[in-house]
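Participant: Below you'll find coords_16.cif; it's mmCIF, C-alpha atoms.
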```cif
data_run
loop_
_atom_site.label_atom_id
_atom_site.label_comp_id
_atom_site.auth_asym_id
_atom_site.auth_seq_id
_atom_site.Cartn_x
_atom_site.Cartn_y
_atom_site.Cartn_z
CA MET N 1 18.71 29.68 -10.82
CA ALA N 2 20.14 28.96 -7.41
CA THR N 3 22.48 31.59 -6.09
CA THR N 4 23.38 29.87 -2.83
CA TYR N 5 24.00 26.28 -1.87
CA THR N 6 24.39 25.85 1.88
CA LEU N 7 25.19 22.70 3.81
CA ILE N 8 22.51 22.32 6.49
CA SER N 9 23.73 19.06 8.06
CA SER N 10 25.58 15.90 7.20
CA VAL N 11 26.17 12.50 8.69
CA THR N 12 28.45 9.51 8.17
CA VAL N 13 27.28 6.13 9.40
CA GLY N 14 29.48 4.59 12.08
CA SER N 15 30.70 1.04 12.56
CA GLY N 16 27.39 -0.18 13.99
CA GLY N 17 25.44 0.66 10.83
CA ALA N 18 22.08 2.41 10.80
CA ALA N 19 18.52 1.21 10.22
CA ASN N 20 17.63 4.55 8.70
CA ILE N 21 18.92 8.08 8.34
CA GLU N 22 16.70 10.96 9.34
CA PHE N 23 17.15 14.73 9.16
CA THR N 24 14.83 16.53 11.58
CA SER N 25 14.06 20.16 12.45
CA ILE N 26 14.89 21.27 8.91
CA PRO N 27 14.81 25.08 8.86
CA SER N 28 12.26 26.68 6.52
CA THR N 29 14.62 29.47 5.49
CA TYR N 30 15.64 28.09 2.10
CA THR N 31 13.82 27.83 -1.21
CA ASP N 32 14.71 24.23 -2.11
CA LEU N 33 16.43 21.24 -0.53
CA VAL N 34 18.99 18.87 -2.00
CA LEU N 35 19.85 15.61 -0.28
CA LYS N 36 22.94 13.77 -1.49
CA LEU N 37 23.53 10.22 -0.36
CA SER N 38 26.37 7.80 -0.80
CA GLY N 39 25.06 4.51 0.54
CA ARG N 40 25.48 0.79 0.82
CA SER N 41 23.37 -1.79 2.65
CA ASN N 42 24.12 -5.03 4.50
CA ARG N 43 21.17 -6.86 2.89
CA SER N 44 22.26 -10.33 1.64
CA GLU N 45 21.56 -9.45 -1.99
CA THR N 46 23.16 -7.29 -4.68
CA THR N 47 20.72 -4.45 -4.12
CA GLU N 48 18.63 -2.76 -1.45
CA PHE N 49 15.74 -0.45 -2.26
CA LEU N 50 15.27 2.81 -0.39
CA ASN N 51 12.11 4.64 0.57
CA ILE N 52 11.61 8.23 1.58
CA ASN N 53 9.35 9.42 4.38
CA LEU N 54 8.51 13.11 4.75
CA ASN N 55 7.51 14.51 8.14
CA SER N 56 7.50 10.88 9.38
CA SER N 57 4.79 10.01 6.85
CA ALA N 58 4.78 7.22 4.26
CA SER N 59 1.31 8.14 2.98
CA ASN N 60 0.00 10.36 0.16
CA PHE N 61 2.92 9.59 -2.15
CA ASP N 62 2.31 9.38 -5.90
CA ASN N 63 5.36 7.95 -7.61
CA LYS N 64 6.55 7.66 -11.22
CA THR N 65 9.71 5.60 -11.67
CA LEU N 66 11.85 4.95 -14.70
CA GLU N 67 14.40 2.29 -13.88
CA SER N 68 17.05 0.22 -15.58
CA ALA N 69 18.19 -2.99 -13.94
CA GLY N 70 20.93 -4.87 -15.71
CA THR N 71 19.74 -5.10 -19.32
CA SER N 72 16.05 -4.50 -18.52
CA VAL N 73 14.12 -1.26 -18.32
CA TYR N 74 11.02 -0.76 -16.15
CA SER N 75 8.57 1.96 -15.42
CA GLY N 76 5.98 2.00 -12.69
CA SER N 77 4.54 3.60 -9.62
CA TYR N 78 6.14 2.46 -6.38
CA GLY N 79 4.86 4.66 -3.53
CA THR N 80 7.72 5.95 -1.42
CA TYR N 81 10.47 4.27 -3.47
CA ILE N 82 13.34 6.69 -4.10
CA GLY N 83 16.11 4.51 -5.62
CA SER N 84 18.50 1.69 -4.84
CA ILE N 85 21.91 1.14 -3.31
CA PRO N 86 24.37 -1.75 -3.58
CA ALA N 87 24.06 -4.42 -0.92
CA ALA N 88 26.24 -7.14 0.58
CA THR N 89 26.84 -9.25 -2.55
CA ALA N 90 27.46 -6.29 -4.88
CA THR N 91 31.00 -5.38 -5.85
CA ALA N 92 32.96 -4.86 -2.64
CA ASN N 93 33.37 -1.34 -1.36
CA THR N 94 31.03 0.25 -3.92
CA PHE N 95 28.48 2.79 -2.75
CA GLY N 96 25.41 4.01 -4.60
CA SER N 97 24.96 7.70 -5.40
CA PHE N 98 21.78 9.71 -4.97
CA GLU N 99 20.62 13.23 -5.51
CA ILE N 100 17.16 14.05 -4.24
CA TYR N 101 15.76 17.49 -5.06
CA ILE N 102 12.79 19.03 -3.24
CA PRO N 103 11.74 22.45 -4.57
CA ASN N 104 9.57 24.82 -2.49
CA TYR N 105 9.68 22.45 0.48
CA ALA N 106 8.46 25.07 2.93
CA GLY N 107 5.53 26.31 0.85
CA SER N 108 1.85 25.49 1.32
CA ASN N 109 1.33 23.61 -1.96
CA PHE N 110 1.71 19.87 -2.48
CA LYS N 111 5.39 18.92 -2.60
CA SER N 112 7.28 17.46 -5.54
CA VAL N 113 10.39 15.35 -5.10
CA SER N 114 12.73 14.18 -7.84
CA SER N 115 15.57 11.73 -7.53
CA ASP N 116 18.29 10.30 -9.69
CA SER N 117 20.41 7.44 -8.46
CA ALA N 118 22.76 4.65 -9.48
CA SER N 119 23.49 1.59 -7.38
CA GLU N 120 27.09 1.25 -8.62
CA ASN N 121 27.63 -2.46 -8.96
CA ASN N 122 30.32 -3.62 -11.39
CA LEU N 123 28.44 -6.85 -12.02
CA ALA N 124 25.50 -7.83 -14.23
CA GLN N 125 22.74 -6.53 -11.98
CA ASN N 126 22.87 -2.78 -11.52
CA TYR N 127 20.11 -0.24 -11.01
CA GLN N 128 19.68 3.33 -12.19
CA ASP N 129 16.53 5.26 -11.36
CA LEU N 130 14.87 8.50 -12.32
CA ILE N 131 11.97 9.14 -9.98
CA ALA N 132 9.34 11.84 -9.67
CA ILE N 133 7.13 11.94 -6.59
CA LEU N 134 4.19 14.11 -5.64
CA TRP N 135 3.56 14.23 -1.91
CA SER N 136 0.00 15.46 -1.54
CA GLN N 137 0.46 17.36 1.70
CA THR N 138 0.56 21.11 2.25
CA ALA N 139 2.68 21.18 5.42
CA ALA N 140 6.24 22.47 5.17
CA ILE N 141 8.74 19.64 5.11
CA THR N 142 10.61 19.58 8.41
CA SER N 143 11.97 16.05 8.35
CA ILE N 144 13.26 13.59 5.75
CA LYS N 145 13.89 9.93 6.47
CA LEU N 146 15.55 7.33 4.24
CA VAL N 147 14.41 3.79 4.98
CA PRO N 148 15.63 0.50 3.41
CA SER N 149 12.80 -1.73 2.09
CA ASN N 150 14.06 -5.01 3.48
CA ALA N 151 14.87 -4.25 7.11
CA SER N 152 18.56 -3.97 6.32
CA ASN N 153 21.04 -1.40 7.60
CA PHE N 154 23.14 1.29 5.97
CA VAL N 155 26.74 0.18 6.40
CA GLN N 156 29.64 2.15 7.82
CA TYR N 157 30.84 5.09 5.71
CA SER N 158 27.49 5.60 4.05
CA ASN N 159 26.93 9.31 4.23
CA ALA N 160 24.24 11.90 3.59
CA TYR N 161 24.45 15.64 3.06
CA LEU N 162 21.45 17.95 3.24
CA TYR N 163 21.79 21.28 1.46
CA GLY N 164 19.52 24.30 1.37
CA ILE N 165 19.26 26.33 -1.82
CA SER N 166 18.12 29.93 -1.90
CA ASN N 167 17.04 31.64 -5.09
CA ALA N 168 17.82 35.14 -3.86
CA MET J 1 20.41 -3.85 18.79
CA THR J 2 19.53 -1.83 15.69
CA ASN J 3 20.02 1.90 15.75
CA LYS J 4 18.70 4.71 13.63
CA ILE J 5 20.58 7.92 12.98
CA VAL J 6 18.78 11.17 13.64
CA VAL J 7 20.35 14.47 12.62
CA ASP J 8 18.83 17.53 14.29
CA CYS J 9 19.33 20.27 11.70
CA SER J 10 18.63 23.04 14.22
CA THR J 11 21.55 22.04 16.43
CA GLY J 12 23.69 19.85 14.16
CA GLU J 13 23.50 17.11 16.78
CA VAL J 14 23.73 13.55 15.43
CA GLN J 15 22.17 10.87 17.58
CA GLU J 16 22.22 7.10 17.28
CA ILE J 17 18.98 5.89 18.81
CA ALA J 18 17.82 2.31 19.30
CA LEU J 19 14.69 1.47 17.33
CA THR J 20 11.54 1.12 19.41
CA ALA J 21 9.54 -2.11 19.32
CA GLU J 22 6.98 -0.31 17.15
CA GLU J 23 9.66 0.81 14.68
CA ILE J 24 11.08 -2.71 14.51
CA ALA J 25 7.59 -4.07 13.80
CA GLU J 26 7.06 -1.42 11.09
CA ARG J 27 10.39 -2.32 9.53
CA GLU J 28 9.56 -6.02 9.51
CA ALA J 29 6.10 -5.34 8.09
CA MET J 30 7.62 -3.28 5.28
CA ALA J 31 10.06 -6.08 4.46
CA ALA J 32 7.23 -8.64 4.48
CA GLU J 33 5.12 -6.42 2.23
CA TYR J 34 8.03 -6.03 -0.16
CA ALA J 35 8.65 -9.79 -0.24
CA ALA J 36 4.94 -10.43 -0.88
CA GLN J 37 4.93 -7.87 -3.70
CA LYS J 38 7.96 -9.51 -5.31
CA ALA J 39 6.41 -12.98 -4.97
CA GLN J 40 3.24 -11.70 -6.64
CA GLU J 41 5.24 -10.14 -9.49
CA LYS J 42 7.05 -13.46 -9.97
CA ALA J 43 3.77 -15.40 -9.98
CA ASP J 44 2.20 -12.95 -12.46
CA LYS J 45 5.20 -13.27 -14.74
CA ALA J 46 5.08 -17.08 -14.59
CA ALA J 47 1.33 -17.09 -15.28
CA LYS J 48 1.82 -14.81 -18.29
CA ALA J 49 4.61 -17.00 -19.67
CA GLU J 50 2.41 -20.08 -19.23
CA ALA J 51 -0.53 -18.41 -20.99
CA LYS J 52 1.76 -17.40 -23.87
CA ALA J 53 3.12 -20.94 -24.23
CA GLU J 54 -0.42 -22.37 -24.23
CA LEU J 55 -1.51 -19.93 -26.93
CA LEU J 56 1.50 -20.71 -29.12
CA GLU J 57 0.77 -24.41 -28.75
CA LYS J 58 -2.88 -23.83 -29.69
CA LEU J 59 -1.80 -21.86 -32.77
CA GLY J 60 0.86 -24.41 -33.64
CA ILE J 61 3.61 -21.83 -34.08
CA THR J 62 6.86 -20.99 -32.31
CA ALA J 63 7.60 -17.79 -30.38
CA GLU J 64 9.92 -16.70 -33.22
CA GLU J 65 7.17 -17.25 -35.76
CA ALA J 66 4.74 -15.26 -33.63
CA GLN J 67 7.26 -12.44 -33.41
CA LEU J 68 7.66 -12.52 -37.19
CA LEU J 69 3.90 -12.14 -37.60
CA LEU J 70 3.90 -9.08 -35.36
CA SER J 71 6.91 -7.39 -36.95
#
```
If you took the structure in this file and wrote it as structure tokens, what would it be?
Facilitator:
Amino acid sequence: MATTYTLISSVTVGSGGAANIEFTSIPSTYTDLVLKLSGRSNRSETTEFLNINLNSSASNFDNKTLESAGTSVYSGSYGTYIGSIPAATATANTFGSFEIYIPNYAGSNFKSVSSDSASENNLAQNYQDLIAILWSQTAAITSIKLVPSNASNFVQYSNAYLYGISNA
Amino acid sequence: MTNKIVVDCSTGEVQEIALTAEEIAEREAMAAEYAAQKAQEKADKAAKAEAKAELLEKLGITAEEAQLLLS
């Protein structure tokens, strides 16, 4: 059980938007990482899909996704996919919520990543995802990047908080 | 100009940096790949629906009747 929960860094997107959000030089002094995101995209659709890159890599990701979209439920394997956020035609001023958990991120074993998210759209089409990823790399994670799938931007007031958790 | 946000966790510094030409190309390639994947999914779905309709026609039953048989 975690005994500490420390904010490492945070960011709020400014008026110009942002193509992606990246945390670099992550210290290896914690046991686990938690990334919380409140996000919205300017894509001309109801939804934008986000991907995660670790240490600037989009390779060696094995993904298991359980997703609901409107009244449908899907499961599948979608590489670096980490969840979805509302986009330009979703309910105005709504932001999607994410929690991404990365245990033992500084260890020398392959890294697991889990994510739960909801795209928060008060209309028919809305996404919720539970995602488990195995990143088959032994290097400590020193950077995390969130990248929209469709070349869109995070809009102003999207924000991300990276926390370190220590178990002792 | 499209910027990315980079947060240096060792200093807390937040930078807005313009994407390089390579990053823009990567971003566009990812979007194209995603669009192609979606188009393929749509085509697969349409092909499956067509095959189902053909089979039902061959069997001379409706979708509801087929569902009843399987229930």
Participant: Go through N:Gly107, N:Gly164, N:Pro148, N:Pro27 and flag the residue nearest Ala31 in chain J, using only C-alpha atoms for the distances.
Facilitator: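 The answer is N:Pro148, which sits nearest to Ala31 in chain J.
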Participant: So which residues get picked by the PyMOL selection byres ((chain N) within 7 of (chain J)) here, written as a PyMOL selection string?
Facilitator: chain N and resi 8-9+18-27+149-151
Participant: I need the chosen residues saved as a PDB file, keeping the file's coordinate frame, with C-alpha atoms.
Facilitator:
```
ATOM      1  CA  ILE N   8      22.510  22.320   6.490  1.00  0.00           C
ATOM      2  CA  SER N   9      23.730  19.060   8.060  1.00  0.00           C
ATOM      3  CA  ALA N  18      22.080   2.410  10.800  1.00  0.00           C
ATOM      4  CA  ALA N  19      18.520   1.210  10.220  1.00  0.00           C
ATOM      5  CA  ASN N  20      17.630   4.550   8.700  1.00  0.00           C
ATOM      6  CA  ILE N  21      18.920   8.080   8.340  1.00  0.00           C
ATOM      7  CA  GLU N  22      16.700  10.960   9.340  1.00  0.00           C
ATOM      8  CA  PHE N  23      17.150  14.730   9.160  1.00  0.00           C
ATOM      9  CA  THR N  24      14.830  16.530  11.580  1.00  0.00           C
ATOM     10  CA  SER N  25      14.060  20.160  12.450  1.00  0.00           C
ATOM     11  CA  ILE N  26      14.890  21.270   8.910  1.00  0.00           C
ATOM     12  CA  PRO N  27      14.810  25.080   8.860  1.00  0.00           C
ATOM     13  CA  SER N 149      12.800  -1.730   2.090  1.00  0.00           C
ATOM     14  CA  ASN N 150      14.060  -5.010   3.480  1.00  0.00           C
ATOM     15  CA  ALA N 151      14.870  -4.250   7.110  1.00  0.00           C
TER      16      ALA N 151
END
```
Participant: Hey, can you check how far CA of Ser15 in chain N sits from CA of Ala87 in chain N?
Facilitator: 16.0 Å
Participant: Considering all atoms listed in the file, state which residue in the set N:Gly17, N:Gly79, N:Pro86, N:Gly70 is at the smallest distance from Thr46 in chain N.
Facilitator: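 Of all the options, N:Pro86 lies closest to Thr46 in chain N.
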Participant: Restricting the calculation to only C-alpha atoms, which member of N:Thr138, N:Asn153, N:Thr80, N:Asn122 is positioned closest to Ala58 in chain N?
Facilitator: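 Ranking N:Thr138, N:Asn153, N:Thr80, N:Asn122 by distance to Ala58 in chain N, first place goes to N:Thr80.
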Participant: Measure the distance from CA of Thr94 in chain N to CA of Ser38 in chain N in Å and round it to one decimal.
Facilitator: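 Taking CA of Thr94 in chain N and CA of Ser38 in chain N, their separation equals 9.4 Å.
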Participant: Could you please determine the separation between CA of Trp135 in chain N and CA of Leu50 in chain N in Å, to one decimal place?
Facilitator: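 Result for CA of Trp135 in chain N versus CA of Leu50 in chain N: 16.4 Å, one decimal.
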